[in-house]
Amino acid sequence: MSALVLLLTTTIASTALIHASDPMCGRARTAAPDLSCAGSGRGVALAATPEEAARLAGYARASEARFTAQFARDIAPYVVISTPPAPQRAALNAAGFTHVLPWPAPRAFDEAARRGVEEGTRRFAASQNMTPTQTEEVVARALSQIPDARAQAALDAGMVPHELGHLWFTAAFWPQRASTDADAPRHYGGPGPDWLDEAAAVVLEDEATAAQRRDQFRALMKGETVPAVDGADGGIGVSFTPAGAGPRPAALERVFYIQTRVFADYLIQTSGRPTILAEIAEALASGRSFEAWLTSQGAAHGLPTSISALQNGWSAYAAGV
């Protein structure tokens with residue numbers, strides 16, 4: 001056992017030494033001297049502990065590889081920074097980091113979740129005229145259902161790459177619109193169509209998250225209930241929407257993520273081109289419409305040549321997954 005402890009201690013110390021000598025970490029520490037840093041390739045992760053920084057850096061490094069494979073574009077220097085406290089965005093930008101992605105620390109997630117669950121449960125208990133004893137029992141039961149550290153890590157493994165995908169995609173194809181002042185994670189903040197912006201994010205998620213979305217899609221297509229969609233009745237309309245329709249209710253937004261994952265699969269598999277999303281984005285960034293691109297380039301890429309034909313092809317694919 002002592003030999004194992006020595007080995008683990010030596011490994012952690014060696015990793016910390018490597019990160020300490022990382023030039024990008026040196027730049028990041030000028031803006032956040034009190035945080036630990038881990039290099040992730042084209043960027044860094046900052047957190048309160050070396051272990052947390054290394055964990056976030058691992059997710060970011062994996063998403064870099066997927067972005068390079070799917071989009072074949074450079075990634076500007078970036079920081080994933082565990083919060084709280086709030087990041088010194090201006091200082092990090094000045095240190096040479098184009099993108100700054102704040103990411104709530106596990107403790108912050110847990111505290112916010114517990115606070116929300118407890119407040120909601122107490123409101124429910126009051127509405128049901130429960131006694132104080134009954135209320136405390138219901139609250140305790142509700143708090144016990146909050147995801148543990150393992151579940152939170154699984155969420156981070158998919159969502160850190162997802163949010164980085166939004167930032168990297170906009171900067172790669174619409175660099176004039178990638179403002180460093182408003183680089184906080186947000187959905188549909190770029191000039192590309194909603195479906196493409198979201199596809200660029202979901203294809204960067206880890207394989208476990210991708211597999212879960214595909215499973216959820218198959219369940220919805222069968223009319224089954226999916227907990228991720230707030231327990232709503234199953235069923236999904238496999239539609240393609242060229243432009244956004246404004247804010248969506250939370251449940252419909254989650255359905256949109258699920259459908260977009262499988263629609264991206266359809267485009268990649270039908271075209272046989274891992275970089276098909278990049279080719280579409282390049283055309284749209286040059287001012288062409290998606291329908292015009294389909295008309296001129298769809299057949300050459302194994303895709304339909306009109307939106308209506310694309311809808312038919314996509315519906316057929318979706319029915320067979």
# chains A, B, ... in the order shown; residues from 1 in each chain; ligands from 1
$ residues_around --residues "A:Ala69" --least-positions-apart "6" --cutoff "12 Å" --atoms "only C-alpha atoms" --output "MDAnalysis selection string"
chainID A and resid 62:63 200 203:204 273:278
$ residues_around --residues "A:Asn93" --least-positions-apart "3" --cutoff "10 Å" --atoms "only C-alpha atoms" --output "NGL selection string"
:A and (28 or 31 or 77-79 or 88-90 or 96-100 or 180-181)
$ write_last_selection --atoms "all heavy atoms" --output "tab-separated table (two decimals), in the first residue's frame"
chain	number	residue	atom	x	y	z
A	28	ALA	N	-1.30	32.53	-17.57
A	28	ALA	CA	-2.59	32.52	-16.87
A	28	ALA	C	-2.43	32.95	-15.43
A	28	ALA	O	-3.30	33.63	-14.86
A	28	ALA	CB	-3.22	31.13	-16.95
A	31	ALA	N	-2.80	36.52	-14.26
A	31	ALA	CA	-4.17	37.03	-14.06
A	31	ALA	C	-4.87	36.34	-12.90
A	31	ALA	O	-5.82	36.89	-12.35
A	31	ALA	CB	-4.98	36.84	-15.34
A	77	PRO	N	-6.13	30.59	-28.07
A	77	PRO	CA	-5.88	30.30	-26.65
A	77	PRO	C	-7.11	30.54	-25.79
A	77	PRO	O	-7.83	31.52	-25.97
A	77	PRO	CB	-4.75	31.28	-26.30
A	77	PRO	CG	-4.04	31.51	-27.58
A	77	PRO	CD	-5.13	31.51	-28.63
A	78	TYR	N	-7.35	29.64	-24.84
A	78	TYR	CA	-8.56	29.72	-24.03
A	78	TYR	C	-8.26	29.33	-22.59
A	78	TYR	O	-7.23	28.71	-22.28
A	78	TYR	CB	-9.64	28.80	-24.60
A	78	TYR	CG	-9.29	27.33	-24.50
A	78	TYR	CD1	-9.66	26.58	-23.38
A	78	TYR	CD2	-8.57	26.70	-25.51
A	78	TYR	CE1	-9.32	25.24	-23.28
A	78	TYR	CE2	-8.23	25.36	-25.42
A	78	TYR	CZ	-8.60	24.64	-24.29
A	78	TYR	OH	-8.26	23.31	-24.18
A	79	VAL	N	-9.18	29.68	-21.71
A	79	VAL	CA	-9.11	29.32	-20.30
A	79	VAL	C	-10.46	28.74	-19.88
A	79	VAL	O	-11.50	29.34	-20.15
A	79	VAL	CB	-8.82	30.54	-19.40
A	79	VAL	CG1	-8.85	30.14	-17.93
A	79	VAL	CG2	-7.47	31.16	-19.74
A	88	GLN	N	-11.24	37.02	-13.62
A	88	GLN	CA	-10.77	38.33	-14.05
A	88	GLN	C	-10.63	38.31	-15.58
A	88	GLN	O	-9.55	38.14	-16.12
A	88	GLN	CB	-9.43	38.66	-13.37
A	88	GLN	CG	-9.52	38.73	-11.85
A	88	GLN	CD	-10.44	39.85	-11.39
A	88	GLN	OE1	-10.37	40.97	-11.90
A	88	GLN	NE2	-11.32	39.54	-10.45
A	89	ARG	N	-11.76	38.45	-16.25
A	89	ARG	CA	-11.80	38.26	-17.70
A	89	ARG	C	-10.85	39.21	-18.43
A	89	ARG	O	-10.11	38.80	-19.34
A	89	ARG	CB	-13.23	38.45	-18.20
A	89	ARG	CG	-13.41	38.11	-19.67
A	89	ARG	CD	-14.85	38.33	-20.09
A	89	ARG	NE	-15.75	37.45	-19.37
A	89	ARG	CZ	-15.99	36.20	-19.72
A	89	ARG	NH1	-15.41	35.68	-20.78
A	89	ARG	NH2	-16.83	35.47	-19.01
A	90	ALA	N	-10.86	40.48	-18.07
A	90	ALA	CA	-10.01	41.45	-18.76
A	90	ALA	C	-8.54	41.11	-18.61
A	90	ALA	O	-7.76	41.21	-19.56
A	90	ALA	CB	-10.30	42.86	-18.25
A	96	GLY	N	-3.42	37.11	-23.11
A	96	GLY	CA	-3.37	36.42	-24.40
A	96	GLY	C	-4.41	35.35	-24.61
A	96	GLY	O	-4.34	34.62	-25.61
A	97	PHE	N	-5.39	35.25	-23.72
A	97	PHE	CA	-6.42	34.22	-23.86
A	97	PHE	C	-7.67	34.82	-24.51
A	97	PHE	O	-8.30	35.72	-23.96
A	97	PHE	CB	-6.75	33.62	-22.50
A	97	PHE	CG	-5.58	32.88	-21.91
A	97	PHE	CD1	-4.74	33.49	-20.98
A	97	PHE	CD2	-5.29	31.58	-22.31
A	97	PHE	CE1	-3.65	32.83	-20.45
A	97	PHE	CE2	-4.20	30.90	-21.78
A	97	PHE	CZ	-3.37	31.53	-20.85
A	98	THR	N	-8.02	34.30	-25.67
A	98	THR	CA	-9.16	34.81	-26.42
A	98	THR	C	-10.48	34.42	-25.79
A	98	THR	O	-11.41	35.22	-25.69
A	98	THR	CB	-9.11	34.28	-27.87
A	98	THR	OG1	-7.88	34.69	-28.47
A	98	THR	CG2	-10.28	34.80	-28.68
A	99	HIS	N	-10.57	33.16	-25.36
A	99	HIS	CA	-11.81	32.64	-24.80
A	99	HIS	C	-11.66	32.40	-23.30
A	99	HIS	O	-10.64	31.85	-22.86
A	99	HIS	CB	-12.20	31.31	-25.46
A	99	HIS	CG	-12.30	31.38	-26.94
A	99	HIS	ND1	-13.19	32.20	-27.60
A	99	HIS	CD2	-11.63	30.71	-27.91
A	99	HIS	CE1	-13.06	32.04	-28.90
A	99	HIS	NE2	-12.13	31.15	-29.12
A	100	VAL	N	-12.68	32.78	-22.55
A	100	VAL	CA	-12.71	32.52	-21.12
A	100	VAL	C	-14.04	31.84	-20.80
A	100	VAL	O	-15.11	32.42	-20.99
A	100	VAL	CB	-12.58	33.82	-20.30
A	100	VAL	CG1	-12.64	33.50	-18.80
A	100	VAL	CG2	-11.29	34.56	-20.65
A	180	THR	N	-14.57	39.06	-27.38
A	180	THR	CA	-13.99	38.57	-26.14
A	180	THR	C	-14.68	39.17	-24.93
A	180	THR	O	-14.62	38.64	-23.83
A	180	THR	CB	-12.49	38.91	-26.09
A	180	THR	OG1	-12.33	40.32	-26.26
A	180	THR	CG2	-11.74	38.19	-27.18
A	181	ASP	N	-15.34	40.32	-25.11
A	181	ASP	CA	-16.02	40.95	-23.98
A	181	ASP	C	-17.30	40.21	-23.60
A	181	ASP	O	-17.78	40.33	-22.48
A	181	ASP	CB	-16.39	42.40	-24.32
A	181	ASP	CG	-15.15	43.28	-24.45
A	181	ASP	OD1	-14.13	42.94	-23.83
A	181	ASP	OD2	-15.21	44.27	-25.19
$ residues_around --residues "stretch 257-261 of chain A" --least-positions-apart "3" --cutoff "9 Å" --atoms "only C-alpha atoms" --output "list in words"
Trp195, Leu196, Glu198, Ala199, Val202, Val203, Ala210, Gln212, Arg213, Arg214, Gln216, Phe217, Ile236, Val238, Ser239, Leu252, Glu253, Arg254, Ala264, Asp265 and Tyr266 of chain A
$ write_last_selection --atoms "N, CA and C atoms" --output "tab-separated table (two decimals), in the first residue's frame"
chain	number	residue	atom	x	y	z
A	195	TRP	N	-29.46	25.48	-35.59
A	195	TRP	CA	-29.20	24.04	-35.66
A	195	TRP	C	-27.71	23.77	-35.87
A	196	LEU	N	-27.03	24.63	-36.65
A	196	LEU	CA	-25.61	24.42	-36.92
A	196	LEU	C	-24.76	24.81	-35.71
A	198	GLU	N	-25.73	24.64	-32.62
A	198	GLU	CA	-25.90	23.58	-31.64
A	198	GLU	C	-25.19	22.30	-32.06
A	199	ALA	N	-25.22	21.99	-33.36
A	199	ALA	CA	-24.52	20.79	-33.84
A	199	ALA	C	-23.03	20.88	-33.56
A	202	VAL	N	-22.74	19.89	-29.82
A	202	VAL	CA	-23.04	18.52	-29.41
A	202	VAL	C	-22.04	17.51	-29.96
A	203	VAL	N	-21.44	17.80	-31.14
A	203	VAL	CA	-20.47	16.83	-31.68
A	203	VAL	C	-19.15	16.85	-30.91
A	210	ALA	N	-22.97	11.47	-25.92
A	210	ALA	CA	-23.51	11.24	-27.26
A	210	ALA	C	-24.38	9.99	-27.28
A	212	GLN	N	-25.97	8.66	-24.79
A	212	GLN	CA	-27.20	8.92	-24.05
A	212	GLN	C	-28.20	9.69	-24.91
A	213	ARG	N	-27.73	10.68	-25.65
A	213	ARG	CA	-28.63	11.45	-26.51
A	213	ARG	C	-29.24	10.56	-27.60
A	214	ARG	N	-28.45	9.67	-28.16
A	214	ARG	CA	-28.98	8.77	-29.19
A	214	ARG	C	-30.02	7.82	-28.59
A	216	GLN	N	-31.89	8.44	-26.01
A	216	GLN	CA	-33.08	9.25	-25.74
A	216	GLN	C	-33.87	9.51	-27.02
A	217	PHE	N	-33.17	9.74	-28.12
A	217	PHE	CA	-33.84	9.97	-29.39
A	217	PHE	C	-34.65	8.74	-29.80
A	236	ILE	N	-41.51	12.60	-31.00
A	236	ILE	CA	-40.68	13.70	-31.45
A	236	ILE	C	-40.97	13.96	-32.92
A	238	VAL	N	-39.49	14.99	-36.25
A	238	VAL	CA	-38.14	15.07	-36.80
A	238	VAL	C	-38.09	16.14	-37.88
A	239	SER	N	-38.06	17.38	-37.47
A	239	SER	CA	-38.09	18.48	-38.42
A	239	SER	C	-36.73	19.13	-38.55
A	252	LEU	N	-38.54	21.50	-24.48
A	252	LEU	CA	-38.35	21.50	-25.93
A	252	LEU	C	-36.91	21.76	-26.31
A	253	GLU	N	-36.22	22.57	-25.50
A	253	GLU	CA	-34.81	22.83	-25.78
A	253	GLU	C	-34.00	21.56	-25.63
A	254	ARG	N	-34.31	20.74	-24.61
A	254	ARG	CA	-33.59	19.48	-24.45
A	254	ARG	C	-33.90	18.52	-25.59
A	264	ALA	N	-26.81	15.56	-36.73
A	264	ALA	CA	-25.40	15.64	-37.07
A	264	ALA	C	-24.88	14.28	-37.52
A	265	ASP	N	-25.31	13.21	-36.83
A	265	ASP	CA	-24.94	11.85	-37.26
A	265	ASP	C	-25.41	11.60	-38.70
A	266	TYR	N	-26.64	12.02	-38.98
A	266	TYR	CA	-27.20	11.82	-40.33
A	266	TYR	C	-26.34	12.51	-41.38
$ closest_residue --among "A:Thr49, A:Ser40, A:Thr270, A:Ser286" --to "A:Trp174" --atoms "only C-alpha atoms"
A:Ser286
$ closest_residue --among "A:Ser289, A:Gln134, A:Gln176, A:Ser36" --to "A:Val80" --atoms "only C-alpha atoms"
A:Ser36
$ atom_distance --atom1 "atom CA of A:Glu205" --atom2 "atom CA of A:Met159"
6.7 Å
$ select_by_dssp --residues "stretch 8-173 of chain A" --states "strand (DSSP E)" --output "MDAnalysis selection string"
chainID A and resid 36:39 43:47 78:83 99:104
$ select_by_dssp --residues "stretch 148-180 of chain A" --states "alpha helix (DSSP H)" --output "NGL selection string"
:A and (149-173)
$ closest_residue --among "A:Val321, A:Glu137, A:Ala94, A:Phe290" --to "A:Ile307" --atoms "only C-alpha atoms"
A:Phe290
